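S.K.: Sending over run_19.txt (compact mmCIF, C-alpha atoms).
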# COMPACT_ATOMS: atom_id res chain seq x y z
CA MET A 1 0.00 0.00 0.00
CA SER A 2 2.70 2.43 1.07
CA GLN A 3 4.85 1.33 -1.83
CA ASP A 4 1.96 2.03 -4.23
CA ARG A 5 1.59 5.55 -2.84
CA ASN A 6 5.30 6.20 -3.21
CA THR A 7 5.22 5.00 -6.80
CA GLU A 8 2.19 7.18 -7.57
CA HIS A 9 3.87 10.20 -5.96
CA GLN A 10 7.04 9.64 -7.96
CA THR A 11 5.04 9.30 -11.18
CA THR A 12 3.15 12.54 -10.47
CA ALA A 13 6.35 14.41 -9.64
CA SER A 14 7.96 13.09 -12.79
CA ALA A 15 4.95 14.10 -14.89
CA ASP A 16 4.97 17.58 -13.34
CA ALA A 17 8.67 17.98 -14.09
CA ALA A 18 8.16 16.86 -17.66
CA LEU A 19 5.26 19.27 -18.07
CA ASP A 20 7.23 22.15 -16.56
CA ALA A 21 10.03 21.44 -19.03
CA LEU A 22 7.51 21.48 -21.85
CA PHE A 23 6.06 24.79 -20.64
CA SER A 24 9.52 26.28 -20.39
CA GLU A 25 10.33 25.14 -23.90
CA ALA A 26 7.03 26.56 -25.16
CA ARG A 27 7.72 29.97 -23.64
CA LEU A 28 11.03 30.17 -25.48
CA ALA A 29 9.95 28.61 -28.75
CA PRO A 30 9.74 31.04 -31.67
CA PRO A 31 6.22 31.40 -33.00
CA GLU A 32 5.20 30.17 -36.41
CA PRO A 33 4.99 32.72 -39.22
CA LEU A 34 1.71 34.58 -39.55
CA PRO A 35 -0.83 33.46 -42.13
CA ASP A 36 -0.25 35.49 -45.31
CA GLY A 37 -3.66 37.15 -45.27
CA LEU A 38 -3.30 38.27 -41.67
CA ARG A 39 0.19 39.64 -42.25
CA SER A 40 -1.05 41.65 -45.25
CA ARG A 41 -3.89 43.14 -43.19
CA LEU A 42 -1.56 44.01 -40.32
CA MET A 43 0.90 45.68 -42.68
CA ALA A 44 -1.91 47.68 -44.28
CA ASP A 45 -3.09 48.77 -40.82
CA ALA A 46 0.46 49.77 -39.89
CA LEU A 47 0.75 51.84 -43.05
CA ALA A 48 -2.60 53.50 -42.48
CA ALA A 49 -1.74 54.28 -38.85
CA THR A 50 1.43 56.09 -39.87
CA THR A 51 0.02 57.96 -42.87
CA PRO A 52 -1.42 61.36 -41.99
CA ALA A 53 -5.12 61.37 -42.76
CA ALA A 54 -6.32 63.82 -45.42
CA ALA A 55 -8.22 66.75 -43.97
CA PRO A 56 -11.88 65.76 -43.96
CA ARG A 57 -14.28 67.82 -46.09
CA ARG A 58 -15.94 70.29 -43.73
CA SER A 59 -19.65 70.90 -43.69
CA TRP A 60 -21.09 74.33 -44.56
CA LEU A 61 -21.82 74.85 -40.87
CA ALA A 62 -18.18 74.22 -39.95
CA ARG A 63 -16.99 76.54 -42.71
CA PHE A 64 -19.43 79.25 -41.52
CA GLY A 65 -18.09 78.80 -38.01
CA ALA A 66 -14.54 79.30 -39.26
CA VAL A 67 -15.48 82.49 -41.10
CA LEU A 68 -17.31 83.72 -38.02
CA ALA A 69 -14.23 83.06 -35.92
CA ASP A 70 -12.11 85.06 -38.38
CA LEU A 71 -14.47 88.00 -37.95
CA GLY A 72 -14.05 87.96 -34.20
CA GLY A 73 -16.91 85.69 -33.21
CA ALA A 74 -20.50 86.72 -32.59
CA SER A 75 -19.62 90.27 -31.50
CA GLY A 76 -17.60 90.80 -34.64
CA LEU A 77 -20.49 89.55 -36.73
CA ALA A 78 -22.81 92.02 -34.96
CA GLY A 79 -20.53 94.92 -35.93
CA VAL A 80 -20.35 93.76 -39.53
CA SER A 81 -24.14 93.34 -39.63
CA ALA A 82 -24.75 96.84 -38.22
CA ALA A 83 -22.41 98.32 -40.83
CA GLY A 84 -24.23 96.39 -43.55
CA VAL A 85 -27.67 97.56 -42.36
CA ALA A 86 -26.44 101.15 -42.20
CA GLY A 87 -25.15 100.85 -45.76
CA VAL A 88 -28.50 99.55 -46.97
CA TRP A 89 -30.33 102.35 -45.18
CA ILE A 90 -28.07 104.98 -46.70
CA GLY A 91 -28.59 103.47 -50.12
CA PHE A 92 -32.39 103.46 -49.89
CA SER A 93 -32.85 106.82 -48.19
CA GLY A 94 -30.86 108.62 -50.93
CA PRO A 95 -29.63 111.46 -48.73
CA GLY A 96 -28.35 113.44 -51.75
CA VAL A 97 -25.56 115.84 -51.01
CA THR A 98 -23.54 115.10 -47.89
CA GLY A 99 -24.45 118.45 -46.39
CA ASP A 100 -28.07 117.32 -46.05
CA LEU A 101 -26.91 114.05 -44.53
CA VAL A 102 -24.94 115.94 -41.92
CA THR A 103 -27.92 118.06 -40.99
CA GLN A 104 -30.11 114.99 -40.58
CA PHE A 105 -27.78 113.70 -37.88
CA TRP A 106 -26.93 117.12 -36.48
CA GLN A 107 -29.83 119.54 -36.74
CA GLY A 108 -27.87 122.59 -35.68
CA ALA A 109 -25.09 122.14 -38.18
CA ALA A 110 -26.51 124.64 -40.69
CA THR A 111 -26.87 127.38 -38.13
CA VAL A 112 -23.44 126.89 -36.66
CA SER A 113 -21.51 126.93 -39.91
CA PRO A 114 -20.78 130.51 -40.91
CA THR A 115 -21.70 131.46 -44.45
CA VAL A 116 -19.04 132.30 -47.01
CA SER A 117 -20.00 135.96 -46.74
CA THR A 118 -19.30 135.89 -43.02
CA TRP A 119 -15.85 134.35 -43.60
CA VAL A 120 -15.01 136.89 -46.25
CA GLU A 121 -16.05 139.69 -43.96
CA ALA A 122 -14.06 138.22 -41.09
CA GLY A 123 -10.71 138.23 -42.86
CA PRO A 124 -9.04 138.77 -46.17
CA LEU A 125 -8.87 135.65 -48.37
CA ALA A 126 -6.86 134.85 -51.42
CA SER A 127 -8.76 135.04 -54.66
CA SER A 128 -8.44 131.27 -55.14
CA ASP A 129 -9.93 130.71 -51.66
CA ILE A 130 -12.86 132.96 -52.44
CA THR A 131 -13.60 131.09 -55.67
CA LEU A 132 -13.46 127.70 -53.93
CA LEU A 133 -15.66 128.77 -51.05
CA SER A 134 -18.23 130.32 -53.36
CA TYR A 135 -18.53 127.00 -55.21
CA MET A 136 -18.99 125.17 -51.91
CA ASN A 137 -21.73 127.55 -50.89
CA GLY A 138 -23.52 127.39 -54.22
CA GLU A 139 -22.83 131.03 -54.96
CA GLY A 140 -20.55 130.32 -57.92
CA GLU A 141 -23.21 128.74 -60.08
CA MET B 1 15.19 34.49 -25.07
CA THR B 2 17.49 36.32 -27.41
CA LEU B 3 17.11 40.03 -27.69
CA PRO B 4 15.99 41.27 -31.09
CA GLU B 5 18.67 42.81 -33.22
CA GLY B 6 18.39 46.46 -34.15
CA PRO B 7 16.31 49.10 -32.39
CA THR B 8 14.28 48.22 -29.30
CA ASP B 9 10.51 47.86 -29.42
CA ASP B 10 10.28 51.11 -27.46
CA ALA B 11 12.32 52.97 -30.06
CA LEU B 12 10.30 51.50 -32.90
CA LEU B 13 7.07 52.51 -31.23
CA GLU B 14 8.34 56.06 -30.78
CA ARG B 15 9.24 56.18 -34.46
CA THR B 16 5.80 54.82 -35.31
CA ALA B 17 4.23 57.71 -33.42
CA THR B 18 6.12 60.13 -35.66
CA GLY B 19 4.72 58.50 -38.80
CA ASP B 20 7.55 56.07 -39.59
CA SER B 21 5.73 53.29 -41.41
CA ALA B 22 8.87 51.15 -41.71
CA ALA B 23 9.16 51.10 -37.92
CA ALA B 24 5.50 50.11 -37.59
CA GLN B 25 5.96 47.27 -40.06
CA MET B 26 9.03 46.06 -38.19
CA LEU B 27 6.92 45.93 -35.05
CA VAL B 28 4.29 43.90 -36.89
CA ASP B 29 6.87 41.29 -37.85
CA ARG B 30 8.47 41.32 -34.42
CA LEU B 31 5.44 41.26 -32.13
CA SER B 32 2.35 39.99 -33.91
CA PRO B 33 3.35 36.31 -34.41
CA ARG B 34 3.46 35.82 -30.63
CA VAL B 35 0.22 37.73 -30.23
CA PHE B 36 -1.42 35.48 -32.80
CA ARG B 37 -0.09 32.33 -31.14
CA LEU B 38 -1.42 33.46 -27.76
CA ALA B 39 -4.82 34.36 -29.22
CA ARG B 40 -5.07 31.04 -31.00
CA ARG B 41 -4.15 29.10 -27.87
CA LEU B 42 -6.79 30.91 -25.87
CA LEU B 43 -9.57 30.92 -28.45
CA GLN B 44 -8.86 27.69 -30.35
CA ASP B 45 -10.29 29.40 -33.42
CA GLN B 46 -8.14 30.61 -36.31
CA ALA B 47 -10.49 33.35 -37.58
CA GLU B 48 -11.16 34.77 -34.14
CA ALA B 49 -7.46 34.65 -33.30
CA GLU B 50 -6.71 36.65 -36.46
CA ASP B 51 -9.36 39.22 -35.54
CA VAL B 52 -7.97 39.58 -32.02
CA THR B 53 -4.42 39.97 -33.36
CA GLN B 54 -5.53 42.71 -35.73
CA GLU B 55 -7.50 44.44 -32.99
CA ALA B 56 -4.59 44.27 -30.54
CA MET B 57 -2.16 45.74 -33.08
CA LEU B 58 -4.60 48.56 -33.86
CA LYS B 59 -4.70 49.36 -30.16
CA LEU B 60 -0.89 49.49 -30.18
CA TRP B 61 -0.94 52.07 -32.99
CA GLN B 62 -3.51 54.09 -31.06
CA ILE B 63 -1.42 54.12 -27.88
CA ALA B 64 1.86 54.87 -29.74
CA PRO B 65 1.66 58.71 -29.48
CA LYS B 66 1.09 58.44 -25.72
CA TRP B 67 3.63 55.69 -25.08
CA VAL B 68 6.15 56.42 -22.32
CA SER B 69 9.50 54.77 -22.99
CA GLY B 70 11.28 52.98 -20.18
CA GLY B 71 8.13 51.61 -18.55
CA ALA B 72 6.36 48.43 -19.56
CA GLN B 73 7.60 46.70 -22.68
CA PRO B 74 5.33 47.05 -25.73
CA SER B 75 5.29 43.23 -26.01
CA THR B 76 4.06 42.87 -22.40
CA TRP B 77 1.40 45.52 -22.93
CA LEU B 78 0.34 43.89 -26.17
CA HIS B 79 0.02 40.44 -24.58
CA ARG B 80 -2.13 41.86 -21.81
CA VAL B 81 -4.40 43.52 -24.36
CA THR B 82 -4.59 40.25 -26.30
CA VAL B 83 -5.55 38.29 -23.20
CA ASN B 84 -8.31 40.79 -22.42
CA LEU B 85 -9.64 40.76 -25.97
CA ALA B 86 -9.60 36.97 -26.12
CA THR B 87 -11.27 36.46 -22.74
CA ASP B 88 -13.94 39.01 -23.71
CA ARG B 89 -14.66 36.95 -26.81
CA LEU B 90 -14.80 33.75 -24.79
CA ARG B 91 -17.39 35.34 -22.53
CA LYS B 92 -19.46 36.60 -25.46
CA ARG B 93 -19.16 33.27 -27.22
CA ARG B 94 -21.03 31.64 -24.38
CA GLY B 95 -23.12 34.65 -23.46
CA VAL B 96 -22.32 34.17 -19.79
CA GLY B 97 -19.36 34.70 -17.48
CA LEU B 98 -16.48 32.28 -17.70
CA ASP B 99 -16.96 31.25 -14.10
CA THR B 100 -20.52 30.13 -14.72
CA ILE B 101 -19.69 27.80 -17.58
CA ASP B 102 -20.03 24.11 -16.88
CA GLU B 103 -16.89 22.31 -17.83
CA PRO B 104 -17.32 19.64 -20.46
CA ASP B 105 -16.55 16.02 -19.78
CA ASP B 106 -12.93 15.01 -19.83
CA PRO B 107 -11.72 14.34 -23.34
CA SER B 108 -10.94 10.75 -24.11
CA PRO B 109 -7.26 9.89 -23.72
CA GLY B 110 -7.66 7.83 -26.84
CA VAL B 111 -8.01 11.04 -28.86
CA VAL B 112 -4.52 12.06 -27.89
CA ASP B 113 -3.12 8.63 -28.49
CA GLY B 114 -4.50 8.72 -32.01
CA MET B 115 -3.16 12.18 -32.82
CA ILE B 116 -0.10 12.70 -34.92
CA ALA B 117 2.19 15.46 -33.70
CA SER B 118 5.40 16.45 -35.38
CA ASP B 119 7.06 18.07 -32.36
CA ARG B 120 6.66 18.82 -28.70
CA GLN B 121 5.09 22.20 -29.13
CA ARG B 122 2.49 20.86 -31.49
CA ALA B 123 1.78 18.11 -28.99
CA LEU B 124 1.37 20.66 -26.22
CA ASP B 125 -0.94 22.81 -28.34
CA ASP B 126 -2.98 19.76 -29.26
CA ALA B 127 -3.32 18.81 -25.61
CA LEU B 128 -4.21 22.38 -24.62
CA ALA B 129 -6.96 22.34 -27.22
CA LEU B 130 -8.51 19.38 -25.45
CA LEU B 131 -8.69 21.09 -22.07
CA PRO B 132 -11.95 22.60 -20.87
CA GLU B 133 -11.99 26.29 -21.75
CA ARG B 134 -11.43 27.78 -18.31
CA GLN B 135 -8.64 25.35 -17.50
CA ARG B 136 -6.97 26.11 -20.82
CA VAL B 137 -7.10 29.87 -20.28
CA ALA B 138 -5.75 29.56 -16.75
CA VAL B 139 -2.93 27.21 -17.75
CA VAL B 140 -1.90 29.31 -20.76
CA LEU B 141 -1.85 32.52 -18.73
CA ARG B 142 -0.04 30.96 -15.77
CA HIS B 143 2.45 28.66 -17.40
CA LEU B 144 2.97 30.07 -20.89
CA GLU B 145 2.45 33.79 -20.31
CA GLY B 146 3.79 33.90 -16.76
CA LEU B 147 0.95 35.95 -15.28
CA THR B 148 0.49 35.84 -11.52
CA ASN B 149 -2.58 34.19 -10.03
CA PRO B 150 -4.11 37.54 -8.91
CA ASP B 151 -3.61 38.90 -12.44
CA ILE B 152 -5.26 35.85 -13.93
CA ALA B 153 -8.10 36.15 -11.44
CA ALA B 154 -8.68 39.78 -12.46
CA THR B 155 -8.50 38.93 -16.16
CA MET B 156 -10.91 36.03 -15.90
CA GLY B 157 -13.20 37.71 -13.40
CA ILE B 158 -12.89 34.93 -10.83
CA GLY B 159 -11.22 34.47 -7.43
CA VAL B 160 -7.60 33.58 -6.86
CA GLU B 161 -8.57 30.25 -5.30
CA ALA B 162 -10.54 29.37 -8.41
CA VAL B 163 -7.49 30.18 -10.52
CA GLU B 164 -5.31 27.91 -8.39
CA SER B 165 -7.85 25.12 -8.73
CA LEU B 166 -8.17 25.60 -12.50
CA THR B 167 -4.42 25.62 -13.10
CA ALA B 168 -3.88 22.57 -10.91
CA ARG B 169 -6.65 20.59 -12.61
CA GLY B 170 -5.57 21.78 -16.04
CA LYS B 171 -1.99 20.81 -15.44
CA ARG B 172 -3.01 17.40 -14.13
CA LYS B 173 -5.18 16.81 -17.16
CA LEU B 174 -2.42 17.91 -19.50
CA ALA B 175 -0.06 15.47 -17.83
CA ASP B 176 -2.63 12.72 -18.37
CA LEU B 177 -3.14 13.69 -21.99
CA LEU B 178 0.57 13.68 -22.67
CA SER B 179 1.45 10.68 -20.54
CA GLY B 180 1.07 8.24 -23.37
CA ARG B 181 3.51 10.22 -25.49
CA ARG B 182 6.37 10.74 -23.07
CA ASP B 183 8.75 8.64 -25.12
CA GLU B 184 7.71 10.46 -28.25
CA LEU B 185 8.19 13.80 -26.50
CA GLY B 186 11.66 12.82 -25.36
CA PHE B 187 11.05 12.84 -21.62
CA GLU B 188 12.43 10.30 -19.23
CA PRO B 189 9.80 7.79 -18.11
As structure tokens, how would this structure be written, given the file I've shared?
M.R.:
Amino acid sequence: MSQDRNTEHQTTASADAALDALFSEARLAPPEPLPDGLRSRLMADALAATTPAAAPRRSWLARFGAVLADLGGASGLAGVSAAGVAGVWIGFSGPGVTGDLVTQFWQGAATVSPTVSTWVEAGPLASSDITLLSYMNGEGE
Amino acid sequence: MTLPEGPTDDALLERTATGDSAAAQMLVDRLSPRVFRLARRLLQDQAEAEDVTQEAMLKLWQIAPKWVSGGAQPSTWLHRVTVNLATDRLRKRRGVGLDTIDEPDDPSPGVVDGMIASDRQRALDDALALLPERQRVAVVLRHLEGLTNPDIAATMGIGVEAVESLTARGKRKLADLLSGRRDELGFEP
């Protein structure tokens, strides 16, 4: 009985040692070459991973956002819009000569500006100055 | 194990991160055969092992820009990723956790006796294929990958005691499966 147990123990120990040797050999054994198809796919993946991706085509929303950012964001767009609206208003209202436009914004401008006659009376002017001022005041026509 | 000639895996991975495709392809040839062998041993399915290998290598390319040299070896990291991917697939294959799977009946020793193996490693792989799934995973991770029992427990989602039991039973069964071929394998009787 005891001899049987000893024999069984020795057999188990021997089997374990053999298995450990096999494991050790397996850890060191070089692997088999990859299947051709797998190697091709891995190489293609490696190439793709190291190739810079082309810039993706941006949507119109993204492009609008970029333009908006160039203008200074939403506040910049507000300024541009206000200038655009003012331009449209000026175009439709047809203010005529700029003198009228000035008086629309500044009602007292006409009364403040001295007439050409007043300037001439105030001080001597060169003949060329008098001619120019008379044209500006509508007196030369 | 002999060290690979040329640049280290770390250096190649750094070059890969800078867009060096030659370095990436060197890494494929250097690392992926072992990854594939591990995946095939765990999954016992050629197509799934190929998928896992491809997935693991893609993860390596993704981590390359963030890789810190001098820490873990890329090969170690890659094997850990492979083990996780393979065990995830094993779980999904059954639809339940590995620890809830009933082990199949012991394979017939006659199957092994009737197999033709050209070398020891093929004989070992053949025997591993005949182990119940959980035993196979535990034995491969413990004895072929060198993971610690706590690491295996975490990977398989089971307790350390269960890992010890699985590796012990798996090893015993492997010894039984290979016992009839000890002369052929070149071991002393």
S.K.: Env of Pro7 of chain B: 10 Å cut, atoms = all atoms listed in the file, seq-sep filter 6 positions within chain, self excluded. Answer as a ChimeraX atom specification.
M.R.: /B:13,23,26
S.K.: With distances taken over all atoms listed in the file, which of A:Gly76, A:Pro31, A:Gly37, A:Pro52 is nearest to Arg40 of chain B?
M.R.: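 Once distances to Arg40 of chain B are computed over all atoms listed in the file, the minimum belongs to A:Pro31.
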S.K.: Would you kindly report the residues of chain B within 7 Å of chain A, using all atoms listed in the file, as a PyMOL selection string?
M.R.: chain B and resi 1+16+19-21+24-25+28+33-34+37+50+54+61+121+143-144+175+187
S.K.: Please, what distance in Å, to one decimal, runs between atom CA of Asp151 of chain B and atom CA of Glu48 of chain B?
M.R.: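 So the two atoms, atom CA of Asp151 of chain B and atom CA of Glu48 of chain B, lie 23.3 Å apart.
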S.K.: To one decimal place in Å, what is the distance between atom CA of Leu147 of chain B and atom CA of Phe36 of chain B?
M.R.: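 Separation of atom CA of Leu147 of chain B and atom CA of Phe36 of chain B: 17.7 Å.
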S.K.: Quick one, how far is atom CA of Arg120 of chain B from atom CA of Gln46 of chain B?
M.R.: 20.4 Å
S.K.: Compare B:Ser179, B:Thr87, B:Ser75, B:Gln62 by their minimum atom-to-atom distance to Ala49 of chain B, counting only C-alpha atoms, and give me the closest one.
M.R.: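 Distance minimum relative to Ala49 of chain B lands on B:Thr87.
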S.K.: With all atoms listed in the file as the counted atoms, please give the residues lying no more than 10 Å from Asn149 of chain B, apart from itself and same-chain residues fewer than 2 positions off, as a PyMOL selection string.
M.R.: chain B and resi 138+141-142+146-147+151-155+159-164+167
S.K.: Convert the current residue selection to file output with C-alpha atoms, as a PDB file, in the coordinates of the input.
M.R.:
ATOM      1  CA  ALA B 138      -5.750  29.560 -16.750  1.00  0.00           C
ATOM      2  CA  LEU B 141      -1.850  32.520 -18.730  1.00  0.00           C
ATOM      3  CA  ARG B 142      -0.040  30.960 -15.770  1.00  0.00           C
ATOM      4  CA  GLY B 146       3.790  33.900 -16.760  1.00  0.00           C
ATOM      5  CA  LEU B 147       0.950  35.950 -15.280  1.00  0.00           C
ATOM      6  CA  ASP B 151      -3.610  38.900 -12.440  1.00  0.00           C
ATOM      7  CA  ILE B 152      -5.260  35.850 -13.930  1.00  0.00           C
ATOM      8  CA  ALA B 153      -8.100  36.150 -11.440  1.00  0.00           C
ATOM      9  CA  ALA B 154      -8.680  39.780 -12.460  1.00  0.00           C
ATOM     10  CA  THR B 155      -8.500  38.930 -16.160  1.00  0.00           C
ATOM     11  CA  GLY B 159     -11.220  34.470  -7.430  1.00  0.00           C
ATOM     12  CA  VAL B 160      -7.600  33.580  -6.860  1.00  0.00           C
ATOM     13  CA  GLU B 161      -8.570  30.250  -5.300  1.00  0.00           C
ATOM     14  CA  ALA B 162     -10.540  29.370  -8.410  1.00  0.00           C
ATOM     15  CA  VAL B 163      -7.490  30.180 -10.520  1.00  0.00           C
ATOM     16  CA  GLU B 164      -5.310  27.910  -8.390  1.00  0.00           C
ATOM     17  CA  THR B 167      -4.420  25.620 -13.100  1.00  0.00           C
TER      18      THR B 167
END
S.K.: Can you tell me, as lines of an AutoDock Vina configuration file, the centre and edge lengths (Å, one decimal) of the axis-aligned box enclosing all of segment 67-73 of chain A's listed atoms after padding each side by 4 Å?
M.R.:
center_x = -14.7
center_y = 85.2
center_z = -37.2
size_x = 13.2
size_y = 13.5
size_z = 15.9
